[in-house]
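As stored in my_file.txt (compact mmCIF, C-alpha atoms):
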# COMPACT_ATOMS: atom_id res chain seq x y z
CA ALA A 1 203.85 110.08 63.51
CA GLU A 2 207.47 109.09 62.93
CA GLU A 3 206.76 108.26 59.29
CA LEU A 4 205.10 111.65 58.82
CA GLU A 5 208.06 113.45 60.38
CA ALA A 6 210.45 111.48 58.18
CA ALA A 7 208.42 112.35 55.08
CA GLU A 8 208.38 116.04 56.01
CA ALA A 9 212.13 116.01 56.65
CA LEU A 10 212.73 114.32 53.29
CA PHE A 11 210.59 116.86 51.44
CA ALA A 12 212.36 119.70 53.24
CA TYR A 13 215.69 118.29 52.04
CA PHE A 14 214.19 117.94 48.53
CA CYS A 15 213.29 121.64 48.55
CA GLU A 16 216.51 122.83 50.20
CA LYS A 17 218.71 121.14 47.61
CA ASN A 18 216.53 122.28 44.68
CA VAL A 19 216.08 118.73 43.43
CA LEU A 20 213.05 119.56 41.28
CA PRO A 21 214.75 122.25 39.13
CA MET A 22 217.78 119.96 38.88
CA LEU A 23 215.59 117.16 37.49
CA ILE A 24 213.88 119.47 35.02
CA ASP A 25 217.24 120.89 33.97
CA SER A 26 218.54 117.36 33.37
CA LEU A 27 215.47 116.59 31.28
CA LEU A 28 215.52 119.69 29.08
CA CYS A 29 219.10 120.86 28.85
CA HIS A 30 220.79 119.94 25.55
CA PRO A 31 224.59 119.69 25.59
CA PRO A 32 226.18 122.38 23.38
CA PRO A 33 228.48 121.28 20.55
CA LEU A 34 232.14 122.23 20.64
CA THR A 35 231.84 124.90 17.92
CA SER A 36 228.45 126.47 18.64
CA SER A 37 226.09 127.43 21.44
CA SER A 38 223.10 125.80 19.74
CA SER A 39 221.80 122.40 20.82
CA MET A 40 223.35 119.23 19.42
CA ASP A 41 220.18 117.85 17.92
CA GLY A 42 219.52 121.03 15.96
CA SER A 43 216.56 122.15 18.05
CA ASP A 44 216.35 125.77 19.17
CA THR A 45 215.71 126.66 22.78
CA THR A 46 214.61 130.14 23.69
CA ASN A 47 214.91 132.71 26.40
CA LEU A 48 213.42 136.17 26.75
CA ASP A 49 215.41 139.25 25.86
CA ASN A 50 215.27 141.67 28.78
CA LYS A 51 215.09 144.74 26.57
CA ASN A 52 212.42 143.86 24.04
CA ASN A 53 210.78 140.94 25.85
CA LEU A 54 211.32 138.86 22.71
CA PRO A 55 212.54 135.26 22.52
CA SER A 56 216.25 134.80 21.93
CA THR A 57 218.31 131.63 21.61
CA THR A 58 220.06 130.44 24.78
CA THR A 59 220.31 127.36 26.96
CA THR A 60 217.18 125.87 28.53
CA THR A 61 218.64 125.66 32.03
CA ILE A 62 215.85 126.97 34.25
CA SER A 63 217.92 127.91 37.27
CA SER A 64 219.95 131.10 37.50
CA THR A 65 223.13 129.16 38.35
CA PRO A 66 224.40 126.29 36.22
CA SER A 67 223.28 122.85 37.36
CA PRO A 68 226.00 120.27 38.05
CA PHE A 69 224.29 118.21 35.35
CA SER A 70 224.15 120.98 32.71
CA GLY A 71 225.59 119.82 29.41
CA VAL A 72 225.33 116.12 30.24
CA CYS A 73 223.73 114.10 27.43
CA TRP A 74 221.18 111.86 29.10
CA THR A 75 219.59 108.99 27.20
CA SER A 76 215.88 108.87 26.46
CA SER A 77 215.47 106.12 29.08
CA VAL A 78 216.87 108.39 31.77
CA LYS A 79 214.69 111.30 30.64
CA ALA A 80 211.61 109.06 30.63
CA GLN A 81 212.45 108.01 34.19
CA ILE A 82 212.83 111.65 35.21
CA LEU A 83 209.35 112.42 33.85
CA GLN A 84 207.92 109.42 35.66
CA THR A 85 209.62 110.46 38.91
CA ILE A 86 208.29 114.03 38.70
CA ALA A 87 204.81 112.72 37.93
CA MET A 88 204.90 110.41 40.96
CA ILE A 89 206.03 113.28 43.22
CA VAL A 90 203.22 115.53 42.00
CA PHE A 91 200.56 112.81 42.20
CA ASN A 92 201.49 111.66 45.70
CA THR A 93 201.87 115.07 47.32
CA SER A 94 198.87 115.59 49.58
CA SER A 95 199.95 118.75 51.41
CA PRO A 96 198.59 121.90 49.71
CA LEU A 97 201.70 123.81 50.77
CA SER A 98 204.04 121.20 49.30
CA LEU A 99 202.02 121.04 46.09
CA ALA A 100 202.11 124.84 45.81
CA TYR A 101 205.91 124.68 46.00
CA LEU A 102 206.08 122.06 43.24
CA LEU A 103 203.91 124.20 40.99
CA SER A 104 205.54 127.51 41.89
CA SER A 105 208.52 129.29 40.31
CA ASN A 106 207.14 128.28 36.90
CA TYR A 107 208.84 124.87 37.18
CA MET A 108 206.03 122.81 35.66
CA ASN A 109 205.31 125.30 32.90
CA GLU A 110 208.99 125.26 31.91
CA LEU A 111 208.93 121.47 31.84
CA ILE A 112 205.74 121.35 29.77
CA MET A 113 206.90 123.89 27.20
CA GLY A 114 210.49 122.64 27.15
CA MET A 115 209.31 119.31 25.73
CA LEU A 116 207.81 121.12 22.74
CA PRO A 117 207.90 121.08 19.79
CA LEU A 118 207.77 117.31 19.66
CA ASP A 119 209.77 117.13 16.45
CA GLN A 120 212.91 118.19 18.33
CA TRP A 121 213.07 114.58 19.59
CA LYS A 122 214.12 111.62 17.50
CA GLY A 123 211.49 108.98 16.80
CA ASP A 124 212.76 106.32 19.18
CA SER A 125 213.34 108.82 21.97
CA LEU A 126 209.88 110.33 21.56
CA GLU A 127 208.24 106.92 21.70
CA GLU A 128 209.89 106.33 25.07
CA ILE A 129 209.34 109.79 26.55
CA LEU A 130 205.90 110.81 25.24
CA PRO A 131 203.80 108.29 27.25
CA HIS A 132 205.24 109.59 30.54
CA TYR A 133 204.87 113.18 29.36
CA VAL A 134 201.17 112.86 28.59
CA THR A 135 200.62 110.99 31.89
CA LEU A 136 202.10 114.00 33.69
CA LEU A 137 199.75 116.32 31.78
CA ARG A 138 196.77 114.25 32.85
CA GLY A 139 197.84 114.33 36.49
CA LEU A 140 198.35 118.10 36.45
CA VAL A 141 194.94 118.80 34.94
CA MET A 142 193.30 116.62 37.59
CA ARG A 143 195.06 118.73 40.22
CA LEU A 144 193.61 121.84 38.58
CA ARG A 145 190.14 120.31 38.60
CA GLY A 146 190.38 119.27 42.25
CA GLU A 147 188.68 120.94 45.19
CA GLU A 148 191.54 123.40 45.69
CA GLY A 149 192.33 123.72 41.98
CA GLY A 150 191.16 127.34 41.82
CA GLY A 151 193.95 128.36 44.16
CA TYR A 152 196.55 126.81 41.87
CA LEU A 153 195.23 128.50 38.70
CA PRO A 154 197.75 131.38 38.60
CA LEU A 155 200.57 128.82 38.80
CA PHE A 156 199.40 127.24 35.53
CA LEU A 157 199.22 130.52 33.59
CA CYS A 158 201.90 132.18 31.46
CA GLN A 159 202.20 134.98 28.94
CA ARG A 160 203.18 134.79 25.30
CA GLN A 161 203.34 137.20 22.42
CA LYS A 162 200.15 137.83 20.53
CA ARG A 163 200.25 139.07 16.96
CA ARG A 164 197.37 141.32 15.97
CA LEU A 165 196.45 142.45 12.45
CA HIS A 166 194.87 145.67 11.27
CA ARG A 167 193.41 146.77 7.95
CA THR A 168 195.60 149.05 5.86
CA ASN A 169 193.11 149.45 3.02
CA ALA A 170 189.50 149.16 4.09
CA ALA A 171 188.24 149.20 0.52
CA GLN A 172 190.38 146.26 -0.57
CA GLY A 173 190.29 144.51 2.77
CA GLU A 174 194.06 144.20 2.99
CA LEU A 175 195.59 143.16 6.30
CA ALA A 176 198.95 144.13 7.69
CA ASP A 177 201.00 143.33 10.77
CA ALA A 178 200.31 145.59 13.72
CA THR A 179 201.91 145.94 17.11
CA ALA A 180 202.58 142.75 18.99
CA SER A 181 201.01 142.46 22.44
CA THR A 182 200.79 139.63 24.92
CA GLU A 183 198.10 137.16 25.82
CA THR A 184 197.66 134.73 28.66
CA TYR A 185 197.64 131.01 27.94
CA LEU A 186 197.71 127.62 29.64
CA PRO A 187 200.86 125.68 28.71
CA LEU A 188 198.91 122.62 29.83
CA LEU A 189 196.30 123.16 27.10
CA TYR A 190 198.87 124.04 24.45
CA ALA A 191 200.85 120.86 25.17
CA ALA A 192 197.72 118.68 25.14
CA VAL A 193 196.68 120.10 21.76
CA GLN A 194 200.18 119.49 20.37
CA VAL A 195 200.13 115.86 21.52
CA PHE A 196 196.55 115.37 20.32
CA CYS A 197 197.46 116.58 16.82
CA SER A 198 200.64 114.47 16.71
CA PRO A 199 200.61 111.47 14.33
CA LEU A 200 202.07 109.36 17.16
CA GLY A 201 198.82 109.71 19.09
CA THR A 202 197.29 106.60 17.56
CA SER A 203 200.34 104.34 17.94
CA LEU A 204 201.60 104.96 21.49
CA ARG A 205 199.96 104.27 24.84
CA ASP A 206 200.43 105.93 28.21
CA SER A 207 201.29 104.25 31.52
CA GLU A 208 197.70 103.04 31.98
CA GLY A 209 197.38 101.57 28.50
CA CYS A 210 195.28 104.36 26.95
CA LEU A 211 196.19 105.72 23.56
CA ILE A 212 198.22 108.92 23.75
CA ARG A 213 195.62 110.65 21.61
CA THR A 214 192.81 109.66 23.97
CA THR A 215 194.70 110.84 27.06
CA ALA A 216 195.48 114.19 25.41
CA MET A 217 191.83 114.48 24.37
CA ASN A 218 190.73 113.95 27.99
CA VAL A 219 193.16 116.65 29.15
CA ILE A 220 191.61 119.09 26.67
CA LEU A 221 188.06 118.19 27.68
CA ASN A 222 188.83 118.40 31.41
CA LEU A 223 190.26 121.88 30.94
CA CYS A 224 187.23 122.93 28.90
CA ARG A 225 184.89 121.61 31.61
CA ILE A 226 186.37 123.92 34.23
CA THR A 227 183.73 126.58 34.84
CA ASP A 228 186.13 129.03 36.49
CA GLU A 229 185.72 132.41 34.78
CA GLU A 230 189.47 133.03 34.53
CA VAL A 231 190.04 129.69 32.79
CA ARG A 232 187.17 130.35 30.37
CA LEU A 233 188.58 133.77 29.61
CA VAL A 234 191.99 132.27 28.82
CA LEU A 235 190.47 129.56 26.61
CA VAL A 236 188.40 132.02 24.58
CA GLN A 237 190.58 135.08 24.15
CA GLY A 238 193.86 134.62 25.99
CA GLY A 239 193.08 136.34 29.28
CA GLY A 240 192.17 139.89 30.07
CA GLY A 241 191.54 142.26 32.92
CA ASP A 242 190.44 140.67 36.17
CA ASP A 243 190.70 141.33 39.88
CA VAL A 244 191.58 137.75 40.83
CA VAL A 245 194.55 137.15 38.52
CA ASP A 246 197.17 139.81 37.90
CA TRP A 247 197.57 139.08 34.19
CA ASP A 248 200.44 141.52 33.63
CA SER A 249 202.64 139.89 36.27
CA LEU A 250 202.38 136.38 34.86
CA PRO A 251 205.68 134.71 33.92
CA THR A 252 206.86 133.63 30.50
CA THR A 253 208.55 130.38 29.54
CA LYS A 254 211.89 130.08 27.78
CA SER A 255 210.31 127.81 25.17
CA VAL A 256 207.47 129.67 23.47
CA PRO A 257 204.59 128.46 21.25
CA LEU A 258 205.04 128.72 17.51
CA MET A 259 203.07 131.65 16.12
CA ALA A 260 201.36 132.03 12.77
CA PRO A 261 199.64 135.19 11.53
CA SER A 262 195.87 135.02 11.48
CA LEU A 263 193.74 136.49 8.68
CA LEU A 264 190.60 136.69 10.82
CA SER A 265 189.24 139.99 12.05
CA HIS A 266 189.04 138.35 15.50
CA PRO A 267 192.08 136.07 15.50
CA LEU A 268 191.88 132.71 17.21
CA THR A 269 194.30 131.68 19.91
CA ILE A 270 197.12 129.36 18.87
CA GLU A 271 195.37 126.38 20.47
CA GLN A 272 192.17 127.07 18.54
CA GLU A 273 194.08 127.44 15.26
CA LEU A 274 195.66 124.04 15.83
CA LEU A 275 192.72 122.14 17.31
CA PHE A 276 189.70 123.26 15.30
CA PRO A 277 191.05 122.52 11.78
CA HIS A 278 192.53 119.22 12.98
CA VAL A 279 189.18 118.03 14.36
CA CYS A 280 187.19 119.18 11.32
CA ASN A 281 189.68 117.84 8.77
CA SER A 282 189.88 114.47 10.53
CA LEU A 283 186.11 114.18 10.75
CA ASN A 284 185.73 115.14 7.09
CA SER A 285 188.47 112.75 6.01
CA TRP A 286 187.02 109.72 7.81
CA PHE A 287 183.52 110.52 6.56
CA HIS A 288 184.63 110.60 2.91
CA ARG A 289 186.68 107.43 3.38
CA SER A 290 183.58 105.69 4.69
CA VAL A 291 181.51 106.95 1.77
CA ARG A 292 184.09 105.75 -0.78
CA LEU A 293 184.26 102.36 0.89
CA ALA A 294 180.47 102.04 0.84
CA MET A 295 180.41 102.88 -2.88
CA ALA A 296 183.15 100.33 -3.57
CA SER A 297 181.22 97.68 -1.65
CA LEU A 298 178.09 98.39 -3.67
CA SER A 299 180.00 98.00 -6.92
CA ILE A 300 181.29 94.61 -5.75
CA ASP A 301 177.77 93.47 -4.88
CA ASN A 302 176.53 94.40 -8.36
CA LYS A 303 179.14 92.24 -10.04
CA HIS A 304 178.04 88.68 -10.81
CA GLY A 305 180.82 86.14 -10.91
CA LYS A 306 180.79 83.57 -13.68
CA THR A 307 183.14 81.11 -12.03
CA SER A 308 183.87 79.87 -8.55
CA LYS A 309 187.15 81.85 -8.55
CA HIS A 310 185.25 85.05 -9.15
CA ASN A 311 182.85 84.23 -6.32
CA GLU A 312 185.76 83.48 -3.95
CA ALA A 313 187.48 86.74 -4.87
CA LYS A 314 184.21 88.58 -4.34
CA ALA A 315 183.72 87.01 -0.92
CA GLU A 316 187.32 87.83 0.04
CA ALA A 317 186.91 91.46 -1.05
CA LYS A 318 183.67 91.81 0.90
CA ALA A 319 185.32 90.41 4.04
CA ARG A 320 188.23 92.82 3.65
CA HIS A 321 185.86 95.72 3.14
CA LYS A 322 183.97 94.72 6.28
CA ASP A 323 187.16 94.86 8.36
CA ILE A 324 188.11 98.24 6.89
CA ALA A 325 184.57 99.53 7.45
CA THR A 326 184.70 98.51 11.11
CA MET A 327 187.90 100.49 11.60
CA GLN A 328 186.65 103.52 9.68
CA PHE A 329 183.34 103.69 11.47
CA ARG A 330 185.14 103.37 14.80
CA GLU A 331 187.31 106.36 13.88
CA LEU A 332 184.28 108.28 12.65
CA GLN A 333 182.49 107.54 15.91
CA TYR A 334 185.57 108.68 17.86
CA TRP A 335 185.71 112.08 16.14
CA LEU A 336 181.96 112.62 16.36
CA GLY A 337 182.09 111.74 20.06
CA PHE A 338 184.94 114.16 20.69
CA LEU A 339 183.17 116.94 18.80
CA ASP A 340 180.00 116.29 20.79
CA ASP A 341 181.93 116.37 24.08
CA LEU A 342 183.68 119.57 23.05
CA LEU A 343 180.40 121.27 22.16
CA SER A 344 178.81 120.08 25.41
CA CYS A 345 181.44 122.01 27.41
CA GLU A 346 179.31 125.04 26.55
CA ILE A 347 182.12 127.43 25.65
CA ARG A 348 179.96 129.55 23.37
CA ALA A 349 182.82 131.18 21.48
CA TRP A 350 184.38 127.77 20.76
CA ASN A 351 181.03 126.34 19.64
CA ALA A 352 180.42 129.24 17.27
CA ARG A 353 183.89 128.97 15.74
CA LEU A 354 183.67 125.19 15.39
Same coordinates, now as structure tokens:
Amino acid sequence: AEELEAAEALFAYFCEKNVLPMLIDSLLCHPPPLTSSSSMDGSDTTNLDNKNNLPSTTTTTISSTPSPFSGVCWTSSVKAQILQTIAMIVFNTSSPLSLAYLLSSNYMNELIMGMLPLDQWKGDSLEEILPHYVTLLRGLVMRLRGEEGGGYLPLFLCQRQKRRLHRTNAAQGELADATASTETYLPLLYAAVQVFCSPLGTSLRDSEGCLIRTTAMNVILNLCRITDEEVRLVLVQGGGGDDVVDWDSLPTTKSVPLMAPSLLSHPLTIEQELLFPHVCNSLNSWFHRSVRLAMASLSIDNKHGKTSKHNEAKAEAKARHKDIATMQFRELQYWLGFLDDLLSCEIRAWNARL
């Protein structure tokens, strides 16, 4: 009983002193240079203009008042430790009320989106921070898939601008930019897709030793396996009218997803535009690599060596081809397995577009 009271008192102090927004501010805030208000590493951070609801460049501090740590240049080791600390707090919070506080005020969505795009970080820093970042994503999606996950759904949703296109000349099929509206999205899904498509996914491992790419893939699949109608609606078309979630009142994040105009009559969401071509191109690439390797191996088998040196070189080439084939078929199996898992989630619109 005493330990429980002490834990409650500690969490109350944690909330009273706004420790969570201070940690997130320390993680995301870039110190301004002496001559400009832009970030030192050249990355742009965004805020929303009150008049037009459009992104504008400002600091990433998430609190309304400056943090005592604003402008301090923390090392990547410190930022990685901050991510690990936040992940441990979220994972070990058992009280639904306490967890609702941690997920409220858009704190986690700001953290998730503030880490993107990944190319704002230098290579060495990203290698140190990314494993803890993707571990946090995995923990958050497991919270959403838990028994009380449906109650936390609105806390994981945000709005972003959606660019629609209309036909200006029906005869020629020309498309032009139309009015920009908003759509609902899951920053959790957007971040997982970004990490999954990152070239670092096959070289880094998370805190449990899994490849970053595999962890991000599991986050995507776990989100797609949620049968909640609101989640499915967000995954397919970016939200819509519903009595459970007030879509129009959802918050926005200061860091916004990168947008690209779509030439489809029914444009895909940003996540679909990133994920679907990446999966198909990777699968196609590894298939053709395997075919070329098989043809090269056949040509080696058809060559008859006249000397022992030729036979040794032939044996060495066949052994090398066998090692390469093992790796290529493993990659091919990985992408086929992911595609099969994605199709088995039974999101009909995704299946048709894939």
| said: Taking (209.1, 106.2, 27.3) as a centre in this file's frame and 10 Å as the limit, can you find every polymer residue with an atom that close, using only C-alpha atoms, and give them as an MDAnalysis selection string? | reply: chainID A and resid 76:81 83:84 124:133 204:207
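You will find CA of Gln194 in chain A at 12.6 Å from CA of Val279 in chain A.
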| task | Work out how far apart CA of Thr182 in chain A and CA of Arg160 in chain A are and give it in Å to one decimal. | result | 5.4 Å
Could you give me, as a compact mmCIF listing (two decimals) with C-alpha atoms, in the frame of the given file, the residues that sit within 7 Å of (192.1, 125.1, 32.8) in the file's coordinates, counting only C-alpha atoms?
# COMPACT_ATOMS: atom_id res chain seq x y z
CA LEU A 144 193.61 121.84 38.58
CA LEU A 186 197.71 127.62 29.64
CA LEU A 223 190.26 121.88 30.94
CA CYS A 224 187.23 122.93 28.90
CA ILE A 226 186.37 123.92 34.23
CA VAL A 231 190.04 129.69 32.79
| Which residues come within 7 Å of Phe287 in chain A, counting only C-alpha atoms, excluding same-chain residues fewer than 4 positions away, as a VMD selection string? | chain A and resid 283 291 332
Any chance you could export the current selection's C-alpha atoms as a PDB file, keeping the file's coordinate frame?
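Below is the file that was written, out-v9.pdb:
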ATOM      1  CA  LEU A 283     186.110 114.180  10.750  1.00  0.00           C
ATOM      2  CA  VAL A 291     181.510 106.950   1.770  1.00  0.00           C
ATOM      3  CA  LEU A 332     184.280 108.280  12.650  1.00  0.00           C
TER       4      LEU A 332
END
My structure is short of atoms at range 268-279 of chain A; please model all heavy atoms there, returning them as a compact mmCIF listing (two decimals), in the coordinates of the input.
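Printed below is selection.txt as written:
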# COMPACT_ATOMS: atom_id res chain seq x y z
N LEU A 268 191.99 133.79 16.25
CA LEU A 268 191.88 132.71 17.21
C LEU A 268 193.17 132.62 18.02
O LEU A 268 194.21 133.12 17.61
CB LEU A 268 191.64 131.38 16.48
CG LEU A 268 190.46 131.30 15.51
CD1 LEU A 268 190.44 129.93 14.86
CD2 LEU A 268 189.15 131.57 16.21
N THR A 269 193.08 131.97 19.16
CA THR A 269 194.30 131.68 19.91
C THR A 269 195.05 130.57 19.17
O THR A 269 194.50 129.89 18.29
CB THR A 269 193.97 131.21 21.34
OG1 THR A 269 193.23 129.99 21.28
CG2 THR A 269 193.15 132.26 22.07
N ILE A 270 196.30 130.37 19.53
CA ILE A 270 197.12 129.36 18.87
C ILE A 270 196.50 127.98 19.03
O ILE A 270 196.48 127.18 18.08
CB ILE A 270 198.55 129.39 19.43
CG1 ILE A 270 199.21 130.73 19.13
CG2 ILE A 270 199.39 128.26 18.85
CD1 ILE A 270 200.59 130.90 19.73
N GLU A 271 195.98 127.69 20.23
CA GLU A 271 195.37 126.38 20.47
C GLU A 271 194.16 126.16 19.57
O GLU A 271 193.97 125.07 19.01
CB GLU A 271 194.95 126.25 21.94
CG GLU A 271 196.10 126.18 22.92
CD GLU A 271 196.69 127.54 23.24
OE1 GLU A 271 196.07 128.57 22.86
OE2 GLU A 271 197.77 127.60 23.86
N GLN A 272 193.34 127.20 19.41
CA GLN A 272 192.17 127.07 18.54
C GLN A 272 192.58 126.87 17.09
O GLN A 272 191.96 126.09 16.36
CB GLN A 272 191.29 128.32 18.68
CG GLN A 272 190.67 128.49 20.07
CD GLN A 272 190.00 129.83 20.24
OE1 GLN A 272 189.55 130.45 19.28
NE2 GLN A 272 189.95 130.31 21.47
N GLU A 273 193.63 127.59 16.64
CA GLU A 273 194.08 127.44 15.26
C GLU A 273 194.62 126.05 14.98
O GLU A 273 194.57 125.57 13.84
CB GLU A 273 195.15 128.49 14.96
CG GLU A 273 194.62 129.91 14.86
CD GLU A 273 195.70 130.91 14.51
OE1 GLU A 273 196.89 130.53 14.57
OE2 GLU A 273 195.36 132.05 14.18
N LEU A 274 195.16 125.40 16.00
CA LEU A 274 195.66 124.04 15.83
C LEU A 274 194.55 123.01 15.95
O LEU A 274 194.46 122.06 15.16
CB LEU A 274 196.74 123.75 16.88
CG LEU A 274 198.08 124.48 16.75
CD1 LEU A 274 198.93 124.23 17.99
CD2 LEU A 274 198.82 124.02 15.51
N LEU A 275 193.70 123.18 16.96
CA LEU A 275 192.72 122.14 17.31
C LEU A 275 191.54 122.10 16.35
O LEU A 275 191.16 121.03 15.87
CB LEU A 275 192.24 122.36 18.75
CG LEU A 275 191.22 121.34 19.28
CD1 LEU A 275 191.83 119.94 19.30
CD2 LEU A 275 190.75 121.74 20.68
N PHE A 276 190.93 123.25 16.08
CA PHE A 276 189.70 123.26 15.30
C PHE A 276 189.88 122.68 13.89
O PHE A 276 189.10 121.81 13.47
CB PHE A 276 189.13 124.67 15.24
CG PHE A 276 188.67 125.21 16.57
CD1 PHE A 276 188.28 126.53 16.71
CD2 PHE A 276 188.64 124.39 17.70
CE1 PHE A 276 187.85 127.02 17.94
CE2 PHE A 276 188.22 124.88 18.93
CZ PHE A 276 187.83 126.20 19.05
N PRO A 277 190.87 123.13 13.11
CA PRO A 277 191.05 122.52 11.78
C PRO A 277 191.39 121.04 11.85
O PRO A 277 190.96 120.27 10.98
CB PRO A 277 192.20 123.33 11.17
CG PRO A 277 192.25 124.60 11.93
CD PRO A 277 191.82 124.26 13.31
N HIS A 278 192.16 120.64 12.87
CA HIS A 278 192.53 119.22 12.98
C HIS A 278 191.30 118.36 13.21
O HIS A 278 191.15 117.30 12.58
CB HIS A 278 193.51 119.05 14.14
CG HIS A 278 193.97 117.63 14.33
ND1 HIS A 278 194.80 116.98 13.44
CD2 HIS A 278 193.68 116.71 15.31
CE1 HIS A 278 195.02 115.74 13.87
NE2 HIS A 278 194.36 115.56 14.98
N VAL A 279 190.41 118.80 14.09
CA VAL A 279 189.18 118.03 14.36
C VAL A 279 188.30 117.98 13.12
O VAL A 279 187.83 116.91 12.71
CB VAL A 279 188.41 118.65 15.54
CG1 VAL A 279 187.05 117.98 15.70
CG2 VAL A 279 189.20 118.52 16.84
